[in-house]
Amino acid sequence: MDGKWRCSRCGKLLGVLRGKRLHIRLSRSHEYLVGFPVTGVCRACQTLNEIGTPPPDSSCSPETVTTS
């Protein structure tokens with residue numbers, strides 16, 4: 001992987017790995033650097049995506065919890 005956290009259902013970019021933190025941008029004025037674990041809902045398909053720990057090889061493989 002390339003260090004990008006993508007939705008497991010639709011593939012939308014959710015965040016980018018920056019060292020041991022994840023960079024999340026929601027709009028121009030809303031940017032966050034967050035620590036792990038990370039849980040987020042995809043804005044495109046409403047799937048709940050999670051990452052428990054930072055990947056050792058700088059790749060992001062989301063675990064998925066599907067909500068209805």
# chains A, B, ... in the order shown; residues from 1 in each chain; ligands from 1
>>> residues_around(residues="range 18-34 of chain A", least_positions_apart="3", cutoff="12 Å", atoms="only C-alpha atoms", output="PDB file with C-alpha atoms, in the first residue's frame")
ATOM      1  CA  ASP A   2       1.010   3.630  -0.370  1.00  0.00           C
ATOM      2  CA  GLY A   3       0.261   5.064   3.087  1.00  0.00           C
ATOM      3  CA  LYS A   4      -3.274   6.127   2.229  1.00  0.00           C
ATOM      4  CA  TRP A   5      -6.304   5.129   4.302  1.00  0.00           C
ATOM      5  CA  ARG A   6      -9.190   4.355   1.971  1.00  0.00           C
ATOM      6  CA  LEU A  13      -9.588   8.563   0.455  1.00  0.00           C
ATOM      7  CA  LEU A  14     -10.130   8.995   4.204  1.00  0.00           C
ATOM      8  CA  GLY A  15      -6.637   9.987   5.339  1.00  0.00           C
ATOM      9  CA  PRO A  37      -6.659   3.941  16.894  1.00  0.00           C
ATOM     10  CA  VAL A  38      -8.727   5.813  14.292  1.00  0.00           C
ATOM     11  CA  THR A  39     -12.399   5.291  13.464  1.00  0.00           C
ATOM     12  CA  GLY A  40     -14.180   7.223  10.746  1.00  0.00           C
ATOM     13  CA  VAL A  41     -17.351   7.108   8.692  1.00  0.00           C
ATOM     14  CA  CYS A  42     -16.918   7.427   4.935  1.00  0.00           C
ATOM     15  CA  ARG A  43     -18.706  10.555   3.692  1.00  0.00           C
ATOM     16  CA  GLU A  50     -11.203   1.582  11.638  1.00  0.00           C
ATOM     17  CA  ILE A  51      -7.430   1.324  12.009  1.00  0.00           C
ATOM     18  CA  GLY A  52      -6.272  -0.045  15.362  1.00  0.00           C
ATOM     19  CA  THR A  53      -2.531   0.665  15.252  1.00  0.00           C
ATOM     20  CA  PRO A  54      -0.186   2.459  12.872  1.00  0.00           C
ATOM     21  CA  PRO A  55       1.013   0.027  10.208  1.00  0.00           C
ATOM     22  CA  PRO A  56       4.693  -0.887  10.673  1.00  0.00           C
ATOM     23  CA  ASP A  57       5.423  -0.604   6.939  1.00  0.00           C
ATOM     24  CA  SER A  58       3.621   2.765   6.424  1.00  0.00           C
ATOM     25  CA  SER A  59       0.601   1.172   4.776  1.00  0.00           C
ATOM     26  CA  CYS A  60      -2.971   1.573   5.962  1.00  0.00           C
TER      27      CYS A  60
END
>>> select_by_dssp(residues="chain A", states="strand (DSSP E)", output="short mmCIF file (atom, residue, chain, number, x, y, z; two decimals) with N, CA and C atoms, in the first residue's frame")
data_model
loop_
_atom_site.label_atom_id
_atom_site.label_comp_id
_atom_site.auth_asym_id
_atom_site.auth_seq_id
_atom_site.Cartn_x
_atom_site.Cartn_y
_atom_site.Cartn_z
N LYS A 4 -1.99 5.44 2.29
CA LYS A 4 -3.27 6.13 2.23
C LYS A 4 -4.33 5.23 2.87
N TRP A 5 -5.19 5.85 3.67
CA TRP A 5 -6.30 5.13 4.30
C TRP A 5 -7.53 5.35 3.44
N ARG A 6 -8.04 4.28 2.86
CA ARG A 6 -9.19 4.35 1.97
C ARG A 6 -10.35 3.55 2.52
N LEU A 13 -10.71 8.24 -0.40
CA LEU A 13 -9.59 8.56 0.46
C LEU A 13 -10.09 9.16 1.77
N LEU A 14 -9.71 8.53 2.89
CA LEU A 14 -10.13 9.00 4.20
C LEU A 14 -9.01 9.72 4.94
N GLY A 15 -7.76 9.36 4.66
CA GLY A 15 -6.64 9.99 5.34
C GLY A 15 -5.32 9.52 4.75
N VAL A 16 -4.23 10.20 5.15
CA VAL A 16 -2.89 9.88 4.67
C VAL A 16 -1.98 9.71 5.87
N LEU A 17 -1.23 8.64 5.90
CA LEU A 17 -0.31 8.36 7.00
C LEU A 17 0.84 9.36 7.00
N ARG A 18 1.09 9.98 8.16
CA ARG A 18 2.20 10.93 8.34
C ARG A 18 2.98 10.47 9.56
N ARG A 21 1.08 9.21 12.83
CA ARG A 21 -0.24 9.82 12.92
C ARG A 21 -0.91 9.81 11.56
N LEU A 22 -2.20 10.06 11.56
CA LEU A 22 -2.97 10.08 10.32
C LEU A 22 -3.45 11.50 10.05
N HIS A 23 -3.26 11.99 8.83
CA HIS A 23 -3.70 13.32 8.43
C HIS A 23 -5.05 13.18 7.76
N ILE A 24 -6.06 13.86 8.33
CA ILE A 24 -7.42 13.81 7.80
C ILE A 24 -7.82 15.22 7.41
N ARG A 25 -8.32 15.38 6.19
CA ARG A 25 -8.80 16.68 5.71
C ARG A 25 -10.27 16.52 5.32
N LEU A 26 -11.14 17.29 5.98
CA LEU A 26 -12.57 17.22 5.69
C LEU A 26 -12.99 18.29 4.70
N SER A 27 -12.39 19.44 4.79
CA SER A 27 -12.61 20.53 3.84
C SER A 27 -11.40 21.45 3.97
N HIS A 30 -10.83 22.40 7.68
CA HIS A 30 -10.91 21.37 8.71
C HIS A 30 -9.89 20.28 8.43
N GLU A 31 -8.74 20.37 9.09
CA GLU A 31 -7.69 19.37 8.94
C GLU A 31 -7.27 18.89 10.32
N TYR A 32 -6.99 17.59 10.41
CA TYR A 32 -6.64 16.99 11.69
C TYR A 32 -5.47 16.05 11.53
N LEU A 33 -4.58 16.01 12.52
CA LEU A 33 -3.56 14.98 12.66
C LEU A 33 -3.97 14.19 13.90
N VAL A 34 -4.28 12.92 13.72
CA VAL A 34 -4.80 12.11 14.81
C VAL A 34 -3.90 10.92 15.09
N VAL A 38 -7.92 4.84 15.03
CA VAL A 38 -8.73 5.81 14.29
C VAL A 38 -9.99 5.12 13.80
N THR A 39 -11.12 5.77 13.98
CA THR A 39 -12.40 5.29 13.46
C THR A 39 -13.04 6.44 12.71
N GLY A 40 -13.54 6.18 11.52
CA GLY A 40 -14.18 7.22 10.75
C GLY A 40 -15.25 6.67 9.83
N VAL A 41 -16.27 7.47 9.60
CA VAL A 41 -17.35 7.11 8.69
C VAL A 41 -17.07 7.73 7.33
N LEU A 48 -18.42 2.45 8.24
CA LEU A 48 -17.55 2.74 9.36
C LEU A 48 -16.23 2.00 9.15
N ASN A 49 -15.12 2.75 9.11
CA ASN A 49 -13.79 2.20 8.89
C ASN A 49 -12.94 2.44 10.13
N GLU A 50 -12.06 1.47 10.46
CA GLU A 50 -11.20 1.58 11.64
C GLU A 50 -9.79 1.13 11.33
N ILE A 51 -8.82 1.77 12.00
CA ILE A 51 -7.43 1.32 12.01
C ILE A 51 -7.04 1.28 13.47
N GLU A 63 -9.78 -1.88 8.93
CA GLU A 63 -10.73 -2.91 9.33
C GLU A 63 -12.09 -2.26 9.14
N THR A 64 -13.08 -3.04 8.82
CA THR A 64 -14.38 -2.46 8.51
C THR A 64 -15.46 -2.96 9.44
N VAL A 65 -16.31 -2.05 9.87
CA VAL A 65 -17.53 -2.37 10.59
C VAL A 65 -18.64 -1.72 9.79
#
>>> residues_around(residues="Cys45 in chain A", least_positions_apart="5", cutoff="9 Å", atoms="only C-alpha atoms", output="mmCIF file with C-alpha atoms, in the first residue's frame")
data_model
loop_
_atom_site.group_PDB
_atom_site.id
_atom_site.type_symbol
_atom_site.label_atom_id
_atom_site.label_comp_id
_atom_site.auth_asym_id
_atom_site.auth_seq_id
_atom_site.Cartn_x
_atom_site.Cartn_y
_atom_site.Cartn_z
ATOM 1 C CA CYS A 7 -12.753 3.241 2.561
ATOM 2 C CA ARG A 9 -16.331 -0.337 0.515
ATOM 3 C CA CYS A 10 -16.017 2.483 -2.052
ATOM 4 C CA LYS A 12 -12.709 7.038 -1.094
#
